[in-house]
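Reproduced below: entry38.cif, with mmCIF, C-alpha atoms and all ligand atoms.
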data_protein
#
loop_
_atom_site.label_atom_id
_atom_site.label_comp_id
_atom_site.auth_asym_id
_atom_site.auth_seq_id
_atom_site.Cartn_x
_atom_site.Cartn_y
_atom_site.Cartn_z
CA MET R 562 137.20 54.62 68.40
CA THR R 563 137.76 57.44 65.88
CA ALA R 564 138.07 54.90 63.08
CA ALA R 565 134.51 53.88 63.92
CA LEU R 566 133.33 57.49 64.18
CA PHE R 567 134.58 58.60 60.78
CA SER R 568 134.14 56.86 57.48
CA GLU R 569 137.24 54.91 56.49
CA THR R 570 137.68 56.94 53.30
CA SER R 571 137.12 60.35 54.92
CA PRO R 572 139.88 62.83 54.01
CA ALA R 573 138.87 65.12 56.90
CA LEU R 574 141.64 66.68 58.97
CA VAL R 575 139.61 65.96 62.10
CA LYS R 576 139.84 62.24 61.38
CA LYS R 577 143.60 62.50 60.98
CA HIS R 578 144.18 64.47 64.18
CA LEU R 579 141.60 63.02 66.58
CA SER R 580 143.29 59.84 67.75
CA PRO R 581 141.32 57.30 69.84
CA ASP R 582 143.29 58.40 72.94
CA LEU R 583 142.59 62.06 72.30
CA TYR R 584 138.92 61.31 71.74
CA GLN R 585 138.77 59.64 75.17
CA GLN R 586 140.62 62.55 76.74
CA LEU R 587 138.30 65.23 75.32
CA ARG R 588 134.90 63.55 75.12
CA HIS R 589 133.74 64.53 78.61
CA LEU R 590 134.85 68.17 78.43
CA LYS R 591 132.45 71.08 77.99
CA THR R 592 132.76 74.80 77.45
CA ARG R 593 130.76 77.09 79.78
CA SER R 594 127.99 77.28 77.19
CA GLY R 595 127.83 73.46 77.09
CA PHE R 596 129.63 72.85 73.79
CA THR R 597 131.12 69.36 73.52
CA LEU R 598 133.48 67.41 71.28
CA GLU R 599 130.53 65.43 69.97
CA LYS R 600 128.88 68.64 68.76
CA ALA R 601 132.14 69.95 67.31
CA ILE R 602 132.70 66.90 65.10
CA ARG R 603 129.13 65.94 64.16
CA SER R 604 129.38 67.60 60.73
CA GLY R 605 132.53 65.63 59.90
CA ILE R 606 130.90 62.40 60.99
CA ARG R 607 127.71 62.94 59.03
CA ASN R 608 129.52 64.19 55.93
CA PRO R 609 132.29 61.76 55.02
CA ASP R 610 133.46 64.07 52.23
CA SER R 611 134.31 66.88 54.69
CA SER R 612 137.78 68.25 54.29
CA ILE R 613 138.03 69.65 57.82
CA GLY R 614 134.97 68.29 59.65
CA ILE R 615 135.06 70.34 62.86
CA TYR R 616 133.45 73.61 64.07
CA ALA R 617 133.77 75.71 67.23
CA GLY R 618 130.63 76.43 69.28
CA ASP R 619 132.12 79.44 71.03
CA ALA R 620 135.44 81.22 71.54
CA GLU R 621 136.27 78.92 74.45
CA SER R 622 136.07 75.83 72.19
CA TYR R 623 139.47 76.73 70.75
CA GLN R 624 140.99 76.43 74.25
CA VAL R 625 139.03 73.52 75.74
CA PHE R 626 139.45 71.38 72.63
CA SER R 627 142.84 72.81 71.65
CA PRO R 628 144.54 69.37 71.44
CA VAL R 629 142.42 68.62 68.38
CA PHE R 630 141.93 72.16 67.00
CA ASP R 631 145.61 73.21 67.16
CA PRO R 632 147.09 70.56 64.85
CA ILE R 633 144.21 70.97 62.40
CA ILE R 634 144.69 74.74 62.29
CA ARG R 635 148.45 74.43 61.91
CA GLU R 636 148.15 71.97 59.07
CA TYR R 637 145.32 73.71 57.21
CA HIS R 638 146.85 77.19 57.43
CA HIS R 639 150.55 76.15 57.36
CA PHE R 640 150.73 78.09 60.60
CA PRO R 641 153.84 77.27 62.65
CA LYS R 642 153.69 76.72 66.41
CA GLY R 643 154.70 79.75 68.44
CA THR R 644 153.56 82.36 65.90
CA ALA R 645 150.87 84.95 66.54
CA HIS R 646 148.47 86.41 64.01
CA VAL R 647 148.87 90.12 63.20
CA SER R 648 146.22 92.26 61.54
CA ASP R 649 146.96 95.19 59.19
CA PHE R 650 144.17 96.77 57.20
CA THR R 651 146.24 99.48 55.50
CA ALA R 652 144.79 99.93 52.03
CA PRO R 653 147.33 99.50 49.25
CA ASP R 654 146.77 101.59 46.12
CA LEU R 655 146.55 98.97 43.43
CA PRO R 656 145.60 99.66 39.83
CA PRO R 657 142.44 97.84 38.69
CA ALA R 658 143.36 94.19 38.10
CA ASP R 659 141.60 94.14 34.71
CA PRO R 660 141.26 97.78 33.58
CA ASP R 661 139.41 97.01 30.34
CA GLY R 662 136.96 94.67 32.05
CA LYS R 663 137.77 91.85 29.64
CA TYR R 664 137.81 89.07 32.22
CA ILE R 665 136.68 90.27 35.64
CA LEU R 666 132.95 90.63 36.17
CA SER R 667 132.95 91.71 39.82
CA THR R 668 134.93 91.88 43.05
CA ARG R 669 133.81 90.83 46.52
CA ILE R 670 135.77 91.05 49.78
CA ARG R 671 134.27 89.68 52.96
CA VAL R 672 135.36 89.27 56.51
CA ALA R 673 133.69 87.09 59.12
CA ARG R 674 133.20 88.49 62.62
CA ASN R 675 131.67 87.13 65.81
CA LEU R 676 130.57 89.16 68.79
CA LYS R 677 132.41 88.64 72.05
CA GLY R 678 130.21 87.07 74.69
CA TYR R 679 127.81 85.21 72.37
CA GLU R 680 127.99 81.56 71.41
CA PHE R 681 128.91 80.93 67.76
CA SER R 682 126.37 79.74 65.19
CA PRO R 683 126.58 75.97 65.94
CA GLN R 684 125.73 76.57 69.61
CA ILE R 685 123.78 79.82 69.99
CA SER R 686 120.21 79.63 71.32
CA LEU R 687 117.34 81.28 69.45
CA SER R 688 116.92 83.94 72.13
CA HIS R 689 120.61 84.83 72.06
CA ARG R 690 120.57 84.85 68.27
CA LYS R 691 117.71 87.37 68.26
CA GLU R 692 119.26 89.49 70.99
CA MET R 693 122.52 89.57 69.07
CA GLU R 694 120.68 90.45 65.86
CA GLU R 695 119.08 93.44 67.63
CA THR R 696 122.48 94.66 68.84
CA VAL R 697 123.89 94.42 65.33
CA ILE R 698 120.88 96.12 63.71
CA LYS R 699 121.39 99.09 66.05
CA ALA R 700 125.08 99.28 65.19
CA MET R 701 124.45 99.06 61.43
CA ALA R 702 121.81 101.80 61.67
CA THR R 703 124.60 104.22 62.63
CA LEU R 704 126.54 103.64 59.38
CA LYS R 705 126.69 106.97 57.57
CA GLY R 706 126.94 108.35 54.03
CA ASP R 707 127.45 105.77 51.30
CA LEU R 708 127.63 103.04 53.97
CA GLY R 709 124.12 103.76 55.25
CA GLY R 710 121.33 101.37 54.32
CA GLU R 711 118.54 99.07 55.33
CA TYR R 712 118.12 95.76 57.09
CA MET R 713 115.99 93.02 55.62
CA SER R 714 115.00 90.16 57.87
CA LEU R 715 115.02 86.76 56.16
CA LYS R 716 111.92 85.90 58.19
CA ASN R 717 109.93 88.33 56.06
CA MET R 718 111.12 86.98 52.77
CA GLU R 719 108.95 84.58 50.83
CA ASN R 720 111.83 83.01 48.96
CA PRO R 721 115.30 84.00 50.11
CA ALA R 722 117.09 82.27 47.24
CA GLN R 723 118.33 84.85 44.76
CA PRO R 724 120.45 84.63 41.64
CA VAL R 725 124.10 85.50 42.09
CA ASN R 726 124.07 88.69 40.03
CA SER R 727 121.05 90.29 41.61
CA ASP R 728 121.85 93.52 43.39
CA ILE R 729 121.42 92.24 46.91
CA LEU R 730 123.33 89.12 47.81
CA VAL R 731 121.05 87.08 50.05
CA PHE R 732 122.01 83.89 51.82
CA THR R 733 119.87 80.81 52.11
CA LYS R 734 119.73 77.97 54.63
CA GLY R 735 123.21 76.50 55.02
CA ASP R 736 124.41 73.42 53.15
CA ARG R 737 124.54 69.89 54.62
CA PHE R 738 127.89 70.60 56.30
CA GLN R 739 126.49 73.62 58.14
CA ASP R 740 123.22 71.83 58.78
CA ALA R 741 124.94 68.92 60.53
CA ALA R 742 126.98 71.42 62.55
CA GLY R 743 123.75 72.93 63.95
CA ILE R 744 124.14 76.22 62.10
CA ASN R 745 120.65 76.09 60.52
CA SER R 746 118.78 75.77 63.80
CA GLY R 747 115.65 77.97 63.85
CA PHE R 748 116.29 79.23 60.31
CA PRO R 749 115.25 81.88 59.18
CA GLU R 750 114.62 83.41 62.65
CA GLY R 751 117.26 85.91 63.71
CA ARG R 752 118.79 86.07 60.23
CA GLY R 753 118.93 88.94 57.80
CA VAL R 754 120.88 91.03 55.34
CA PHE R 755 121.91 94.65 55.66
CA TYR R 756 122.60 96.45 52.37
CA SER R 757 123.80 99.96 51.72
CA LEU R 758 121.62 101.99 49.39
CA ASP R 759 124.28 101.76 46.67
CA ARG R 760 124.41 97.95 47.23
CA ARG R 761 128.17 98.00 47.69
CA LEU R 762 128.25 97.11 51.35
CA MET R 763 126.34 94.13 52.69
CA VAL R 764 126.27 92.34 56.00
CA TRP R 765 124.89 88.85 56.45
CA VAL R 766 123.65 88.41 59.98
CA ASN R 767 123.68 84.95 61.53
CA GLU R 768 124.87 82.88 58.62
CA GLU R 769 127.92 80.68 59.40
CA ASP R 770 129.27 83.46 61.62
CA HIS R 771 127.44 86.25 63.44
CA LEU R 772 128.50 88.67 60.72
CA ARG R 773 129.80 88.32 57.20
CA ILE R 774 130.67 91.87 56.21
CA MET R 775 131.24 92.28 52.50
CA SER R 776 132.17 94.98 50.04
CA LEU R 777 131.27 94.62 46.37
CA GLU R 778 132.39 96.24 43.14
CA LYS R 779 131.12 95.64 39.64
CA THR R 780 134.68 96.22 38.41
CA SER R 781 138.15 94.80 39.15
CA ASP R 782 138.96 97.60 41.60
CA LEU R 783 140.23 95.60 44.58
CA SER R 784 141.48 98.71 46.40
CA ALA R 785 138.08 100.43 46.26
CA ALA R 786 136.36 97.35 47.67
CA PHE R 787 139.01 97.01 50.39
CA LYS R 788 138.84 100.68 51.42
CA ARG R 789 135.06 100.56 51.75
CA LEU R 790 135.28 97.41 53.85
CA GLY R 791 137.91 99.03 56.08
CA ARG R 792 135.70 102.08 56.64
CA ALA R 793 132.68 99.94 57.48
CA LEU R 794 134.72 97.87 59.92
CA ARG R 795 136.18 100.88 61.69
CA SER R 796 132.69 102.31 62.11
CA LEU R 797 131.15 99.05 63.36
CA GLU R 798 134.07 98.49 65.75
CA THR R 799 133.08 101.63 67.65
CA ARG R 800 129.81 99.86 68.61
CA LEU R 801 130.61 96.15 68.53
CA ASP R 802 133.24 94.10 70.31
CA PHE R 803 134.55 91.27 68.10
CA ALA R 804 135.98 87.96 69.33
CA TRP R 805 139.77 88.06 68.91
CA ASP R 806 142.56 85.75 70.04
CA LYS R 807 146.22 86.74 70.22
CA THR R 808 147.35 83.58 68.42
CA TYR R 809 144.47 82.93 66.04
CA GLY R 810 143.26 86.48 65.29
CA TYR R 811 139.54 86.88 64.60
CA LEU R 812 137.71 83.83 65.86
CA THR R 813 135.23 82.10 63.56
CA SER R 814 132.96 79.07 63.82
CA CYS R 815 134.95 77.16 61.19
CA PRO R 816 138.71 76.96 61.76
CA THR R 817 139.34 77.56 58.03
CA ASN R 818 138.37 81.21 58.47
CA LEU R 819 140.54 82.08 61.49
CA GLY R 820 143.01 84.97 61.36
CA THR R 821 141.90 87.68 58.97
CA ALA R 822 138.61 85.81 58.35
CA MET R 823 138.91 87.51 54.99
CA ARG R 824 138.13 86.19 51.54
CA ALA R 825 138.91 88.64 48.78
CA GLY R 826 137.97 87.47 45.34
CA VAL R 827 136.81 88.15 41.84
CA HIS R 828 134.40 86.55 39.45
CA ILE R 829 136.56 86.06 36.40
CA ARG R 830 135.81 84.47 33.04
CA LEU R 831 138.74 82.32 31.92
CA GLY R 832 137.56 80.33 28.91
CA LYS R 833 140.96 78.99 27.89
CA LEU R 834 142.19 78.14 31.37
CA ASP R 835 138.87 76.38 31.90
CA ARG R 836 139.96 73.96 29.18
CA ASN R 837 143.51 73.80 30.61
CA ARG R 838 142.79 73.08 34.22
CA GLU R 839 146.27 71.74 35.01
CA ILE R 840 147.75 75.18 34.20
CA LEU R 841 145.04 76.92 36.20
CA ASN R 842 145.60 74.65 39.19
CA ARG R 843 149.37 75.08 39.03
CA LEU R 844 149.05 78.87 39.02
CA ALA R 845 146.52 78.72 41.85
CA ARG R 846 149.00 76.73 43.95
CA GLU R 847 151.88 79.04 43.06
CA TYR R 848 149.98 82.22 43.96
CA HIS R 849 148.07 80.74 46.93
CA LEU R 850 144.68 81.16 45.31
CA GLN R 851 141.49 79.28 46.06
CA ILE R 852 139.18 78.37 43.19
CA ARG R 853 135.45 78.23 43.86
CA GLY R 854 132.43 77.75 41.60
CA THR R 855 130.26 80.55 40.23
CA ARG R 856 127.66 80.41 42.98
CA GLY R 857 130.00 79.97 45.91
CA GLU R 858 131.72 77.24 47.84
CA LYS R 859 131.21 73.67 46.65
CA THR R 860 129.30 74.83 43.53
CA LYS R 861 130.15 74.27 39.87
CA VAL R 862 131.91 76.64 37.50
CA GLN R 863 129.35 77.91 35.01
CA GLU R 864 130.30 79.33 31.62
CA ALA R 865 133.96 79.50 32.68
CA VAL R 866 133.22 82.04 35.45
CA PHE R 867 135.53 81.22 38.36
CA ASP R 868 135.50 82.69 41.85
CA ILE R 869 139.22 83.26 42.47
CA SER R 870 140.20 84.35 45.98
CA ASN R 871 142.98 84.16 48.56
CA ALA R 872 143.66 80.73 50.01
CA GLN R 873 145.57 82.13 53.02
CA ARG R 874 143.70 83.73 55.93
CA LEU R 875 145.81 83.13 59.05
CA GLY R 876 149.38 84.34 59.64
CA ILE R 877 149.13 86.94 56.88
CA THR R 878 147.85 90.53 57.01
CA GLU R 879 144.79 91.75 55.16
CA THR R 880 147.01 94.13 53.17
CA ALA R 881 149.31 91.30 52.06
CA ILE R 882 146.31 89.18 51.05
CA LEU R 883 145.13 91.93 48.73
CA GLN R 884 148.58 92.47 47.21
CA ASN R 885 149.06 88.74 46.63
CA LEU R 886 145.61 88.39 45.10
CA HIS R 887 146.38 91.24 42.72
CA LYS R 888 149.59 89.51 41.60
CA GLY R 889 147.85 86.16 41.25
CA ILE R 890 145.06 87.57 39.11
CA ALA R 891 147.60 89.31 36.87
CA ALA R 892 149.35 85.95 36.37
CA LEU R 893 146.05 84.24 35.49
CA ILE R 894 145.13 86.93 32.98
CA LYS R 895 148.60 86.71 31.42
CA ALA R 896 148.29 82.91 31.10
CA GLU R 897 144.79 83.23 29.62
CA GLU R 898 146.07 85.70 27.03
CA HIS R 899 149.05 83.49 26.09
CA LEU R 900 147.02 80.36 25.53
P1 LIG I 1001 131.89 83.07 51.58
O1 LIG I 1001 132.65 83.90 50.62
O2 LIG I 1001 131.05 83.92 52.48
O3 LIG I 1001 132.77 82.11 52.30
P2 LIG I 1001 130.54 81.68 49.32
O4 LIG I 1001 131.73 81.12 48.63
O5 LIG I 1001 129.36 80.77 49.44
O6 LIG I 1001 130.85 82.14 50.82
O7 LIG I 1001 130.11 83.01 48.58
C1 LIG I 1001 129.03 83.75 49.01
C2 LIG I 1001 128.27 84.37 47.86
O8 LIG I 1001 129.02 85.42 47.27
C3 LIG I 1001 127.91 83.40 46.75
O9 LIG I 1001 126.57 83.64 46.35
C4 LIG I 1001 128.86 83.79 45.65
O10 LIG I 1001 128.37 83.52 44.37
C5 LIG I 1001 128.98 85.29 45.87
N1 LIG I 1001 130.23 85.83 45.33
C6 LIG I 1001 131.47 85.41 45.60
N2 LIG I 1001 132.40 86.12 44.95
C7 LIG I 1001 131.73 87.05 44.24
C8 LIG I 1001 132.12 88.09 43.33
N3 LIG I 1001 133.40 88.34 43.06
N4 LIG I 1001 131.14 88.84 42.80
C9 LIG I 1001 129.84 88.62 43.07
N5 LIG I 1001 129.42 87.66 43.91
C10 LIG I 1001 130.33 86.87 44.48
N1 LIG I 1002 132.91 71.69 57.05
C1 LIG I 1002 133.18 71.67 55.64
C2 LIG I 1002 134.34 70.72 55.36
O1 LIG I 1002 134.97 70.29 56.26
C3 LIG I 1002 133.46 73.05 55.10
C4 LIG I 1002 134.72 73.70 55.55
C5 LIG I 1002 135.07 75.04 54.97
N2 LIG I 1002 133.95 75.82 54.55
C6 LIG I 1002 133.22 76.63 55.33
N3 LIG I 1002 132.20 77.22 54.79
N4 LIG I 1002 133.51 76.84 56.58
O2 LIG I 1002 134.59 70.41 54.21
#

Go ahead and render the structure in this file as structure tokens.
Ligand code: ADP
Ligand code: ARG
Amino acid sequence: MTAALFSETSPALVKKHLSPDLYQQLRHLKTRSGFTLEKAIRSGIRNPDSSIGIYAGDAESYQVFSPVFDPIIREYHHFPKGTAHVSDFTAPDLPPADPDGKYILSTRIRVARNLKGYEFSPQISLSHRKEMEETVIKAMATLKGDLGGEYMSLKNMENPAQPVNSDILVFTKGDRFQDAAGINSGFPEGRGVFYSLDRRLMVWVNEEDHLRIMSLEKTSDLSAAFKRLGRALRSLETRLDFAWDKTYGYLTSCPTNLGTAMRAGVHIRLGKLDRNREILNRLAREYHLQIRGTRGEKTKVQEAVFDISNAQRLGITETAILQNLHKGIAALIKAEEHL
């Protein structure tokens, strides 16, 4: 049955872990919001090049469909059975990763958050999406000092696509993976971007998760970006209740983001490593780094500008992610200089 559902060549983890028997066992189940296995795996079916191929429609999906989610999560995150995720947002004092600004163009740290009680992006109705947006707008309006800013609804924007280095990072309609998962439904209704007046804090509302909260620096100062993000989170947490699970940490629509839901990264120009990809890939493996293209996930590297970030999100603290990233970047810069 699953062989017929997924393309024969699909590398997706969902294809590996959803056996025909398991498919039969889970196909008639539903969460209280009506999320089904069919909805969870539609993106993996329609996109044979998916690497994971499954999304959660709500917090309950991780329990109802746990026989398929659990092995995928354990394999993707190297997360052993019986462990529980622990969060620690203590800011380490790290020196700038590239003090002379020779390689690093900018730093961005984001976390994904979803509000307790609302369906996740693949399942939420338009009315719930708008209601949730209102709740979040009110919470963000209470951010003070350098965190204070404005909310821009995507509905009012003529052309939401913006170049990567513009001051406000705006998201567009999701890619074909998100589209097949149902994440684009009603776009751009209920979506928007909050930005602080200094453009260093931004919040994407109703992209792949309810919130993508991000802190940006035009330097390599990871600690400064992390501290700002921590302050914003502590303030928002006084008004918003985020979905959290004692095993999987912060719950997200895609299982790849579970745990810290954090991606801390830099845009870094590595001309020599660009021409020596085997060295770059070896170092990335060794330091648990993820390499993305210049304009984000599944995009190309332009003019040797890589997006280098943490590969681990679950079973590791936020503090440790930042420390590891700092070490990894130092190793990349050293290799670049030695080549
Ligand atoms: P996410 O990080 O939310 O999973 P993407 O990989 O698509 O998703 O990145 C989101 C956006 O952030 C993209 O437009 C990407 O170019 C931008 N971005 C990522 N890292 C940086 C950085 N260090 N500096 C500036 N912009 C960045
Ligand atoms: N669903 C896609 C896949 O399986 C993307 C997974 C990770 N990316 C994400 N934005 N959630 O390849």

- Could you state the separation of atom C6 of ligand LIG 1002 (chain I) and CA of Gly826 (chain R) in Å, given to one decimal place? 15.5 Å

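Compared by their closest atoms to ligand LIG 1001 (chain I), and using all atoms listed in the file, the residues R:Ala892, R:Val672, R:Leu831, R:Ala601 rank with R:Val672 nearest.
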
- Could the residues that lie within 10 Å of ligand LIG 1002 (chain I), counting only C-alpha atoms and all ligand atoms, be listed as JSON, numbers by chain? {"R": [572, 573, 574, 575, 602, 603, 604, 605, 608, 609, 610, 611, 612, 613, 614, 615, 616, 735, 736, 737, 738, 739, 740, 741, 742, 769, 770, 813, 814, 815, 816, 817, 818, 857, 858, 859]}

Can you write out the residues you just picked, keeping C-alpha atoms, as a JSON list (two decimals), in the coordinates of the input?
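Dumped to selection26.json:
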[["chain", "number", "residue", "atom", "x", "y", "z"],
["R", 572, "PRO", "CA", 139.88, 62.83, 54.01],
["R", 573, "ALA", "CA", 138.87, 65.12, 56.90],
["R", 574, "LEU", "CA", 141.64, 66.68, 58.97],
["R", 575, "VAL", "CA", 139.61, 65.96, 62.10],
["R", 602, "ILE", "CA", 132.70, 66.90, 65.10],
["R", 603, "ARG", "CA", 129.13, 65.94, 64.16],
["R", 604, "SER", "CA", 129.38, 67.60, 60.73],
["R", 605, "GLY", "CA", 132.53, 65.63, 59.90],
["R", 608, "ASN", "CA", 129.52, 64.19, 55.93],
["R", 609, "PRO", "CA", 132.29, 61.76, 55.02],
["R", 610, "ASP", "CA", 133.46, 64.07, 52.23],
["R", 611, "SER", "CA", 134.31, 66.88, 54.69],
["R", 612, "SER", "CA", 137.78, 68.25, 54.29],
["R", 613, "ILE", "CA", 138.03, 69.65, 57.82],
["R", 614, "GLY", "CA", 134.97, 68.29, 59.65],
["R", 615, "ILE", "CA", 135.06, 70.34, 62.86],
["R", 616, "TYR", "CA", 133.45, 73.61, 64.07],
["R", 735, "GLY", "CA", 123.21, 76.50, 55.02],
["R", 736, "ASP", "CA", 124.41, 73.42, 53.15],
["R", 737, "ARG", "CA", 124.54, 69.89, 54.62],
["R", 738, "PHE", "CA", 127.89, 70.60, 56.30],
["R", 739, "GLN", "CA", 126.49, 73.62, 58.14],
["R", 740, "ASP", "CA", 123.22, 71.83, 58.78],
["R", 741, "ALA", "CA", 124.94, 68.92, 60.53],
["R", 742, "ALA", "CA", 126.98, 71.42, 62.55],
["R", 769, "GLU", "CA", 127.92, 80.68, 59.40],
["R", 770, "ASP", "CA", 129.27, 83.46, 61.62],
["R", 813, "THR", "CA", 135.23, 82.10, 63.56],
["R", 814, "SER", "CA", 132.96, 79.07, 63.82],
["R", 815, "CYS", "CA", 134.95, 77.16, 61.19],
["R", 816, "PRO", "CA", 138.71, 76.96, 61.76],
["R", 817, "THR", "CA", 139.34, 77.56, 58.03],
["R", 818, "ASN", "CA", 138.37, 81.21, 58.47],
["R", 857, "GLY", "CA", 130.00, 79.97, 45.91],
["R", 858, "GLU", "CA", 131.72, 77.24, 47.84],
["R", 859, "LYS", "CA", 131.21, 73.67, 46.65]]

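Minimum atom-to-atom distance to Leu812 (chain R), evaluated using all atoms listed in the file, belongs to R:Arg874 out of R:Arg874, R:Lys716, R:Arg607, R:Lys895.
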
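The nearest approach to Thr808 (chain R) among the residues R:Lys642, R:Lys788, R:Arg674, R:Arg593, with only C-alpha atoms taken into account, belongs to R:Lys642.
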
Can you put N, CA, C and O atoms back into region 860-875 of chain R and show it as a CSV table (one decimal), in the frame of the given file?
chain,number,residue,atom,x,y,z
R,860,THR,N,130.2,74.8,44.7
R,860,THR,CA,129.3,74.8,43.5
R,860,THR,C,130.1,74.7,42.3
R,860,THR,O,131.4,74.7,42.3
R,861,LYS,N,129.4,74.5,41.1
R,861,LYS,CA,130.2,74.3,39.9
R,861,LYS,C,130.5,75.6,39.2
R,861,LYS,O,129.9,76.6,39.4
R,862,VAL,N,131.5,75.5,38.3
R,862,VAL,CA,131.9,76.6,37.5
R,862,VAL,C,131.0,76.7,36.3
R,862,VAL,O,130.9,75.7,35.6
R,863,GLN,N,130.3,77.8,36.1
R,863,GLN,CA,129.4,77.9,35.0
R,863,GLN,C,129.9,78.9,34.0
R,863,GLN,O,130.3,80.0,34.3
R,864,GLU,N,129.8,78.5,32.7
R,864,GLU,CA,130.3,79.3,31.6
R,864,GLU,C,131.7,79.9,31.9
R,864,GLU,O,131.9,81.1,31.6
R,865,ALA,N,132.5,79.1,32.4
R,865,ALA,CA,134.0,79.5,32.7
R,865,ALA,C,134.1,80.7,33.6
R,865,ALA,O,135.2,81.3,33.6
R,866,VAL,N,133.1,81.0,34.5
R,866,VAL,CA,133.2,82.0,35.4
R,866,VAL,C,133.7,81.4,36.8
R,866,VAL,O,132.9,80.7,37.4
R,867,PHE,N,134.9,81.7,37.1
R,867,PHE,CA,135.5,81.2,38.4
R,867,PHE,C,135.4,82.3,39.5
R,867,PHE,O,135.5,83.5,39.2
R,868,ASP,N,135.4,81.8,40.7
R,868,ASP,CA,135.5,82.7,41.8
R,868,ASP,C,136.9,82.4,42.4
R,868,ASP,O,137.2,81.4,42.9
R,869,ILE,N,137.8,83.4,42.1
R,869,ILE,CA,139.2,83.3,42.5
R,869,ILE,C,139.5,84.2,43.7
R,869,ILE,O,139.3,85.4,43.6
R,870,SER,N,140.0,83.5,44.8
R,870,SER,CA,140.2,84.4,46.0
R,870,SER,C,141.5,83.9,46.7
R,870,SER,O,142.1,82.9,46.2
R,871,ASN,N,141.8,84.5,47.8
R,871,ASN,CA,143.0,84.2,48.6
R,871,ASN,C,142.7,82.8,49.3
R,871,ASN,O,141.7,82.6,49.8
R,872,ALA,N,143.8,82.0,49.3
R,872,ALA,CA,143.7,80.7,50.0
R,872,ALA,C,144.1,80.9,51.5
R,872,ALA,O,143.7,80.2,52.4
R,873,GLN,N,145.0,81.9,51.7
R,873,GLN,CA,145.6,82.1,53.0
R,873,GLN,C,144.7,83.1,53.8
R,873,GLN,O,144.3,84.2,53.3
R,874,ARG,N,144.5,82.8,55.1
R,874,ARG,CA,143.7,83.7,55.9
R,874,ARG,C,144.4,84.0,57.3
R,874,ARG,O,144.2,85.0,57.9
R,875,LEU,N,145.2,83.0,57.7
R,875,LEU,CA,145.8,83.1,59.0
R,875,LEU,C,147.3,83.3,58.9
R,875,LEU,O,147.9,82.6,58.0
